[in-house]
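*Asks:* Sending over start-v7.txt (compact mmCIF, C-alpha atoms).
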# COMPACT_ATOMS: atom_id res chain seq x y z
CA MET C 182 129.83 -14.74 69.09
CA ILE C 183 131.15 -14.10 72.61
CA GLN C 184 127.80 -12.54 73.47
CA LEU C 185 126.03 -15.71 72.33
CA LEU C 186 128.24 -17.84 74.58
CA MET C 187 127.63 -15.51 77.53
CA LYS C 188 123.90 -15.76 76.81
CA ASP C 189 124.13 -19.55 77.09
CA ILE C 190 125.98 -19.29 80.40
CA ARG C 191 123.37 -16.93 81.82
CA ILE C 192 120.57 -19.26 80.73
CA GLN C 193 122.42 -22.25 82.18
CA LYS C 194 123.37 -20.81 85.58
CA ARG C 195 120.84 -22.82 87.55
CA PHE C 196 121.53 -25.96 85.51
CA ILE C 197 125.27 -25.60 86.13
CA ALA C 198 124.52 -25.41 89.86
CA LEU C 199 122.09 -28.35 89.62
CA GLY C 200 124.62 -30.46 87.69
CA PHE C 201 127.34 -29.61 90.19
CA VAL C 202 125.16 -30.84 93.06
CA PHE C 203 124.13 -33.95 91.07
CA VAL C 204 127.74 -34.94 90.30
CA GLY C 205 128.83 -34.38 93.88
CA PHE C 206 125.91 -36.24 95.43
CA PHE C 207 125.77 -39.30 93.18
CA PHE C 208 129.36 -39.79 92.08
CA PHE C 209 131.23 -38.68 95.19
CA ILE C 210 128.97 -38.72 98.27
CA LEU C 211 127.03 -41.88 97.32
CA GLY C 212 130.02 -43.35 95.45
CA ALA C 213 127.99 -44.39 92.39
CA PHE C 214 130.17 -46.27 89.88
CA GLU C 215 133.04 -46.23 92.34
CA GLY C 216 136.48 -46.27 90.76
CA MET C 217 135.38 -45.12 87.30
CA PRO C 218 137.42 -42.65 85.22
CA LEU C 219 136.82 -39.02 86.14
CA SER C 220 135.90 -38.35 82.50
CA VAL C 221 132.61 -40.24 82.87
CA PRO C 222 130.84 -37.95 85.41
CA ALA C 223 132.42 -34.91 83.70
CA ALA C 224 131.13 -36.02 80.29
CA ILE C 225 127.63 -36.66 81.66
CA PHE C 226 127.64 -33.21 83.26
CA GLY C 227 128.92 -31.51 80.10
CA HIS C 228 126.48 -33.34 77.83
CA PHE C 229 123.61 -32.29 80.08
CA LEU C 230 124.61 -28.61 79.80
CA ILE C 231 125.13 -28.69 76.02
CA VAL C 232 121.86 -30.44 75.23
CA VAL C 233 119.81 -28.35 77.64
CA ALA C 234 121.24 -25.17 76.06
CA SER C 235 120.16 -26.26 72.58
CA LYS C 236 116.72 -27.35 73.77
CA ALA C 237 116.20 -24.09 75.65
CA ASP C 238 116.88 -22.08 72.49
CA GLU C 239 114.23 -23.94 70.51
CA LYS C 240 111.74 -24.01 73.37
CA ASN C 241 111.95 -20.22 73.73
CA ASN C 242 112.15 -19.64 69.95
CA ASN C 243 115.56 -18.08 70.45
CA GLY C 244 116.74 -19.46 67.12
CA ARG C 245 114.16 -17.43 65.18
CA MET C 246 114.81 -14.35 67.32
CA LEU C 247 118.60 -14.56 66.87
CA ALA C 248 118.21 -14.99 63.12
CA SER C 249 116.29 -11.70 63.05
CA PHE C 250 119.13 -9.84 64.78
CA PRO C 251 122.07 -8.33 62.87
CA LEU C 252 124.02 -11.55 63.39
CA ARG C 253 125.53 -13.77 60.77
CA ARG C 254 124.02 -17.22 60.75
CA THR C 255 127.56 -18.56 60.62
CA ASP C 256 128.23 -16.94 64.02
CA ILE C 257 125.08 -18.51 65.48
CA VAL C 258 126.20 -21.96 64.33
CA THR C 259 129.80 -21.39 65.43
CA ALA C 260 128.63 -20.35 68.91
CA LYS C 261 126.87 -23.70 69.31
CA TYR C 262 130.02 -25.60 68.39
CA ALA C 263 132.19 -23.37 70.59
CA GLY C 264 129.70 -24.07 73.38
CA ILE C 265 130.77 -27.73 73.27
CA ALA C 266 134.28 -26.77 74.37
CA MET C 267 133.00 -24.17 76.84
CA PHE C 268 130.54 -26.42 78.65
CA MET C 269 132.90 -29.41 78.65
CA ALA C 270 135.60 -27.21 80.20
CA ILE C 271 133.14 -26.06 82.88
CA ALA C 272 132.05 -29.66 83.52
CA PHE C 273 135.59 -31.02 83.82
CA ALA C 274 136.67 -28.11 86.04
CA LEU C 275 133.74 -28.51 88.45
CA THR C 276 134.06 -32.31 88.51
CA SER C 277 137.77 -31.97 89.26
CA LEU C 278 136.87 -29.57 92.07
CA TRP C 279 134.55 -32.22 93.54
CA ARG C 280 137.33 -34.80 93.35
CA TRP C 281 139.71 -32.47 95.17
CA LEU C 282 137.14 -31.79 97.89
CA ALA C 283 136.25 -35.49 98.23
CA GLY C 284 139.95 -36.38 98.37
CA ILE C 285 140.20 -34.55 101.68
CA PHE C 286 137.79 -37.01 103.33
CA LEU C 287 137.79 -40.21 101.22
CA PRO C 288 140.49 -42.74 100.26
CA ALA C 289 141.87 -42.37 96.75
CA ARG C 290 140.63 -45.84 95.71
CA GLU C 291 137.02 -44.75 96.23
CA LEU C 292 137.33 -41.74 93.94
CA PRO C 293 137.09 -41.42 90.15
CA TRP C 294 140.60 -41.65 88.71
CA PHE C 295 142.42 -39.63 86.10
CA SER C 296 143.47 -41.21 82.82
CA ALA C 297 144.53 -39.43 79.64
CA GLN C 298 143.32 -42.36 77.52
CA SER C 299 139.88 -42.46 79.14
CA ILE C 300 139.50 -38.70 78.67
CA VAL C 301 140.42 -38.99 74.98
CA VAL C 302 137.97 -41.87 74.42
CA THR C 303 135.20 -39.97 76.24
CA LEU C 304 135.83 -36.79 74.26
CA LEU C 305 135.90 -38.77 71.01
CA ILE C 306 132.48 -40.27 71.77
CA LEU C 307 131.08 -36.81 72.50
CA LEU C 308 132.63 -35.30 69.36
CA VAL C 309 131.07 -38.01 67.21
CA PHE C 310 127.72 -37.50 68.94
CA TYR C 311 127.66 -33.72 68.38
CA ALA C 312 128.99 -34.06 64.84
CA ILE C 313 125.68 -35.82 64.09
CA TYR C 314 123.49 -33.94 66.56
CA PHE C 315 124.00 -30.34 65.44
CA PRO C 316 123.42 -30.70 61.67
CA VAL C 317 120.11 -32.42 62.47
CA PHE C 318 119.39 -29.79 65.13
CA PHE C 319 119.82 -26.90 62.70
CA ALA C 320 117.87 -28.72 60.01
CA ALA C 321 114.91 -29.94 62.09
CA GLY C 322 114.73 -27.29 64.80
CA SER C 323 111.78 -27.58 67.17
CA ARG C 324 110.28 -30.56 65.33
CA LEU C 325 112.75 -33.04 66.86
CA VAL C 326 114.77 -31.11 69.41
CA GLN C 327 113.08 -32.58 72.50
CA VAL C 328 113.97 -36.13 71.51
CA LEU C 329 116.92 -35.46 69.20
CA ASP C 330 119.56 -36.58 71.69
CA LEU C 331 117.80 -39.92 72.15
CA ILE C 332 117.49 -40.38 68.39
CA VAL C 333 121.21 -39.72 67.88
CA ILE C 334 122.16 -42.05 70.75
CA PHE C 335 120.14 -44.91 69.30
CA VAL C 336 121.38 -44.29 65.76
CA VAL C 337 125.06 -44.01 66.75
CA GLY C 338 124.85 -46.88 69.21
CA GLY C 339 123.03 -49.13 66.76
CA ALA C 340 125.40 -48.30 63.89
CA ALA C 341 128.48 -48.87 66.07
CA LEU C 342 127.15 -52.19 67.37
CA LEU C 343 126.32 -53.33 63.84
CA VAL C 344 129.81 -52.46 62.57
CA ILE C 345 131.44 -54.25 65.52
CA ARG C 346 129.36 -57.37 64.95
CA LEU C 347 130.10 -57.41 61.22
CA LEU C 348 133.82 -57.06 61.83
CA GLU C 349 133.79 -59.77 64.50
CA TRP C 350 132.00 -62.14 62.13
CA THR C 351 134.94 -61.64 59.75
CA ASN C 352 137.30 -62.69 62.59
CA ILE C 353 138.52 -59.15 63.28
CA GLY C 354 138.76 -58.69 67.05
CA VAL C 355 137.52 -55.12 67.01
CA GLY C 356 135.41 -55.58 70.13
CA SER C 357 138.35 -56.49 72.35
CA PHE C 358 140.37 -53.68 70.77
CA ILE C 359 137.73 -51.08 71.60
CA ARG C 360 137.37 -52.38 75.15
CA SER C 361 141.13 -52.02 75.64
CA LEU C 362 141.31 -48.42 74.41
CA PRO C 363 140.78 -46.75 77.82
CA GLU C 364 143.73 -48.70 79.22
CA ALA C 365 145.91 -48.47 76.12
CA ASP C 366 149.26 -46.76 76.60
CA GLY C 367 149.77 -44.85 73.43
CA LEU C 368 149.93 -41.08 73.12
CA PRO C 369 150.13 -41.16 69.28
CA LEU C 370 146.99 -43.31 69.08
CA SER C 371 145.15 -40.96 71.43
CA LEU C 372 146.18 -37.92 69.40
CA TRP C 373 145.11 -39.57 66.15
CA MET C 374 141.73 -40.46 67.65
CA LEU C 375 141.19 -36.96 69.01
CA GLY C 376 142.34 -35.42 65.73
CA GLY C 377 139.92 -37.59 63.78
CA GLY C 378 137.09 -36.50 66.07
CA LEU C 379 137.97 -32.83 65.56
CA VAL C 380 138.07 -33.27 61.78
CA LEU C 381 134.65 -34.91 61.92
CA LEU C 382 133.36 -32.01 64.01
CA LEU C 383 134.78 -29.51 61.50
CA LEU C 384 132.94 -31.26 58.67
CA SER C 385 129.82 -31.23 60.82
CA TRP C 386 130.21 -27.46 61.35
CA CYS C 387 130.47 -26.92 57.59
CA LEU C 388 127.30 -28.94 57.05
CA SER C 389 125.45 -27.09 59.82
CA VAL C 390 126.45 -23.71 58.39
CA TYR C 391 125.21 -24.77 54.94
CA VAL C 392 121.93 -26.13 56.32
CA TYR C 393 121.24 -23.11 58.54
CA ARG C 394 122.08 -20.59 55.82
CA SER C 395 119.64 -22.35 53.48
CA LYS C 396 116.90 -22.65 56.07
CA ASN C 397 113.84 -20.43 55.80
CA LEU C 398 113.03 -19.14 59.27
Go through the file and emit its structure as structure tokens.
*Replies:*
Amino acid sequence: MIQLLMKDIRIQKRFIALGFVFVGFFFFILGAFEGMPLSVPAAIFGHFLIVVASKADEKNNNGRMLASFPLRRTDIVTAKYAGIAMFMAIAFALTSLWRWLAGIFLPARELPWFSAQSIVVTLLILLVFYAIYFPVFFAAGSRLVQVLDLIVIFVVGGAALLVIRLLEWTNIGVGSFIRSLPEADGLPLSLWMLGGGLVLLLLSWCLSVYVYRSKNL
């Protein structure tokens, strides 16, 4: 599985460099979305790397080639899920590096700020996204991969908005609660949210393994 992760890094080298320049230019040099949590540019960067890696595999028919190697399909699926943590770690590390460099020249109020709660909320959103994305990715393959991220965004966003509206119509102030989460001061709540996201991702991994093992390549 380590070899599969290293393969993704080699494929992504130029995109890592491109994303690094993009984050630095737009979020730090131009000051786009000034004063936002640091997790936002890092999440955008990480999402870009993860999705491009999956699309590159299908575009180059790597999935069919890997399945023909003496590799367990479980390892192929696991490498994709491990890649979420790997690319997010790279994205957060490089974004933090930009913040440190920018802090030498710019006032602190003009820079993205650190917040444990905002990082947890951002990671939770990404975990939910990939928990839906990868089972569909392994099931559909090249048929939907080029637009799969957009499909998942619209489905998740539409479902979340519908649930919020239904709850608000029943006089449950869920909208204001969700908007207050990034500023909420509660380590237990953050841990519960992150734990729930990880459980959802584990269930997603089980489903992806089942789907990919059953798939006829």
*Asks:* Give me the residues near Ile300 of chain C as a ChimeraX atom specification, where near means some atom within 7 Å (using only C-alpha atoms) and where sequence neighbours in that chain fewer than 4 positions away do not count.
*Replies:* /C:220,296,304
*Asks:* Do a neighbour search on Ala312 of chain C at 9 Å with only C-alpha atoms, toss out local chain neighbours closer than 4 positions, and write the hits as a PyMOL selection string.
*Replies:* chain C and resi 307-308+316+378+381-386
*Asks:* Have a look at C:Val333, C:Leu375, C:Leu185, C:Ala321 and name the one nearest to Ile257 of chain C; count all atoms listed in the file.
*Replies:*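 Closest to Ile257 of chain C, using all atoms listed in the file: C:Leu185.
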*Asks:* Quick one: pull the distance between atom CA of Phe273 of chain C and atom CA of Phe335 of chain C, Å, one decimal.
*Replies:* 25.3 Å
*Asks:* At a cut-off of 6 Å from (131.5, -34.6, 89.5) in the coordinates of the file, what residues are picked up using only C-alpha atoms, written as a list in words?
*Replies:*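 Checking each residue against the 6 Å limit leaves Val204, Gly205, Pro222, Ala223, Thr276 and Trp279 of chain C.
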*Asks:* Residues at most 9 Å from Leu186 of chain C, counting all atoms listed in the file, excluding those fewer than 2 positions away in the same chain, as a ChimeraX atom specification?
*Replies:* /C:182-184,188-191,260-261,263-264,267
*Asks:* Considering all atoms listed in the file, can you say which of C:Val380, C:Val232, C:Leu282, C:Ala297 comes closest to Leu329 of chain C?
*Replies:*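 Of C:Val380, C:Val232, C:Leu282, C:Ala297, the one nearest Leu329 of chain C is C:Val232, counting all atoms listed in the file.
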*Asks:* Please give the centre and size of the box around segment 194-207 of chain C (axis-aligned, containing every atom listed in the file, 3 Å added per side), with values in Å to one decimal and written as JSON.
*Replies:*
{"center_x": 124.8, "center_y": -30.1, "center_z": 90.5, "size_x": 14.0, "size_y": 24.5, "size_z": 15.9}
*Asks:* Using only C-alpha atoms for the distances, tell me which of C:Val258, C:Val233, C:Val302, C:Val390 is nearest to Met374 of chain C.
*Replies:* C:Val302
*Asks:* When distances are computed from only C-alpha atoms, which of C:Phe206, C:Phe196, C:Ala272, C:Leu278 shows the smallest separation from Ile225 of chain C?
*Replies:*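 The shortest atom-to-atom distance to Ile225 of chain C comes from C:Ala272.
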